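Inspection log for the structure reproduced underneath, given as structure tokens.
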Amino acid sequence: MRVTAQRAHLHWNGPQVSAALRQAAARGALLGAEHVLQSSRQKVPIAEGTLERSGAASVDEQQLTAAVSYDTPYARRVHEDLNARHSPGRSAKYLESVLPQEAATVQALIAAQIRRALR
């Protein structure tokens with residue numbers, strides 16, 4: 001019986017893989033924030049639609065954090081006023097209330113982007 005030695009070469013691409021995964025996570029976080037924004041727009045109280053149109057999703061790629069915001073002078077007041085009356089299906093806490101409901105979807109969106117980057 002004869003045993004022959006074989007050689008293998010390994011090229012470590014750790015920094016490139018880390019960068020690709022970070023970029024994928026940021027992309028997933030933005031998709032998640034856009035999903036939360038869309039869900040919250042379905043609950044935003046509507047008078048003229050200005051508040052709903054002011055919604056935006058953003059991501060800080062360095063910190064890997066995403067944000068959903070509404071940019072009107074009265075957005076915070078409308079969000080926090082539990083005594084205000086709104087149209088059916090519309091309510092205060094229009095952003096805060098959708099976060100727990102959509103957490104699993106946001107996680108799945110991020111995971112999908114990371115899986116895609118690992119292909």
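By order in the structure tokens, chains are A, B, ...; within a chain, residues start at 1; ligands start at 1, following the order shown.
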With 12 Å as the cut-off and only C-alpha atoms counted, what is the closest atom pair between each nearby residue of region 28-77 of chain A and region 89-94 of chain A? Distances in Å to one decimal, ordered by chain and number, as JSON lines.
{"residue": "A:Val36", "atom": "CA", "partner": "A:Tyr94", "partner_atom": "CA", "distance": 10.4}
{"residue": "A:Leu37", "atom": "CA", "partner": "A:Tyr94", "partner_atom": "CA", "distance": 9.8}
{"residue": "A:Gln38", "atom": "CA", "partner": "A:Tyr94", "partner_atom": "CA", "distance": 11.0}
{"residue": "A:Ser39", "atom": "CA", "partner": "A:Tyr94", "partner_atom": "CA", "distance": 8.8}
{"residue": "A:Ser40", "atom": "CA", "partner": "A:Tyr94", "partner_atom": "CA", "distance": 5.5}
{"residue": "A:Arg41", "atom": "CA", "partner": "A:Tyr94", "partner_atom": "CA", "distance": 7.6}
{"residue": "A:Gln42", "atom": "CA", "partner": "A:Arg90", "partner_atom": "CA", "distance": 7.2}
{"residue": "A:Lys43", "atom": "CA", "partner": "A:Arg90", "partner_atom": "CA", "distance": 4.3}
{"residue": "A:Val44", "atom": "CA", "partner": "A:Tyr94", "partner_atom": "CA", "distance": 5.3}
{"residue": "A:Pro45", "atom": "CA", "partner": "A:Arg90", "partner_atom": "CA", "distance": 5.0}
{"residue": "A:Ile46", "atom": "CA", "partner": "A:Arg90", "partner_atom": "CA", "distance": 7.5}
{"residue": "A:Ala47", "atom": "CA", "partner": "A:Arg90", "partner_atom": "CA", "distance": 10.7}
{"residue": "A:Leu51", "atom": "CA", "partner": "A:Tyr94", "partner_atom": "CA", "distance": 11.1}
{"residue": "A:Glu52", "atom": "CA", "partner": "A:Tyr94", "partner_atom": "CA", "distance": 10.3}
{"residue": "A:Gly55", "atom": "CA", "partner": "A:Tyr94", "partner_atom": "CA", "distance": 11.4}
{"residue": "A:Val68", "atom": "CA", "partner": "A:Tyr94", "partner_atom": "CA", "distance": 11.5}
{"residue": "A:Ser69", "atom": "CA", "partner": "A:Tyr94", "partner_atom": "CA", "distance": 11.1}
{"residue": "A:Tyr70", "atom": "CA", "partner": "A:Tyr94", "partner_atom": "CA", "distance": 10.5}
{"residue": "A:Ala75", "atom": "CA", "partner": "A:Ala92", "partner_atom": "CA", "distance": 10.0}
{"residue": "A:Arg76", "atom": "CA", "partner": "A:Lys93", "partner_atom": "CA", "distance": 9.3}
{"residue": "A:Arg77", "atom": "CA", "partner": "A:Ala92", "partner_atom": "CA", "distance": 9.0}
Report the distance between CA of Ala103 (chain A) and CA of Ala33 (chain A) in Å, rounded to one decimal place. 10.2 Å
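A straight line drawn from CA of Leu109 (chain A) to CA of Arg27 (chain A) is 9.1 Å long.
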Go through A:Ser18, A:Thr50, A:Gln63, A:Thr105 one by one, measure the shortest atom-to-atom distance of each to His35 (chain A) using only C-alpha atoms, and give the residue with the smallest value. A:Thr105
Pick from A:Leu21, A:Met1, A:Ala29, A:Ala8: nearest to Ile110 (chain A), with only C-alpha atoms counted? A:Ala29
List the neighbours of Gly28 (chain A) out to 12 Å using only C-alpha atoms; skip same-chain residues closer than 6 positions along the sequence, and give me the result as JSON, numbers by chain. {"A": [21, 22, 34, 35, 58, 59, 60, 61, 64, 65, 66, 105, 106, 107, 108, 109, 110, 111, 112, 113, 114, 115, 116, 117]}
May I have all residues of region 3-91 of chain A that DSSP, computed from the backbone, assigns to helix (DSSP H, G or I), given as a ChimeraX atom specification? /A:14-41,50-53,75-80
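CA of Leu95 (chain A) is found 11.7 Å from CA of Ala56 (chain A).
Here the question is which of A:Leu31, A:Ala19, A:Leu118, A:Leu10 gets nearest to Gln62 (chain A) using only C-alpha atoms, and that residue is A:Ala19.
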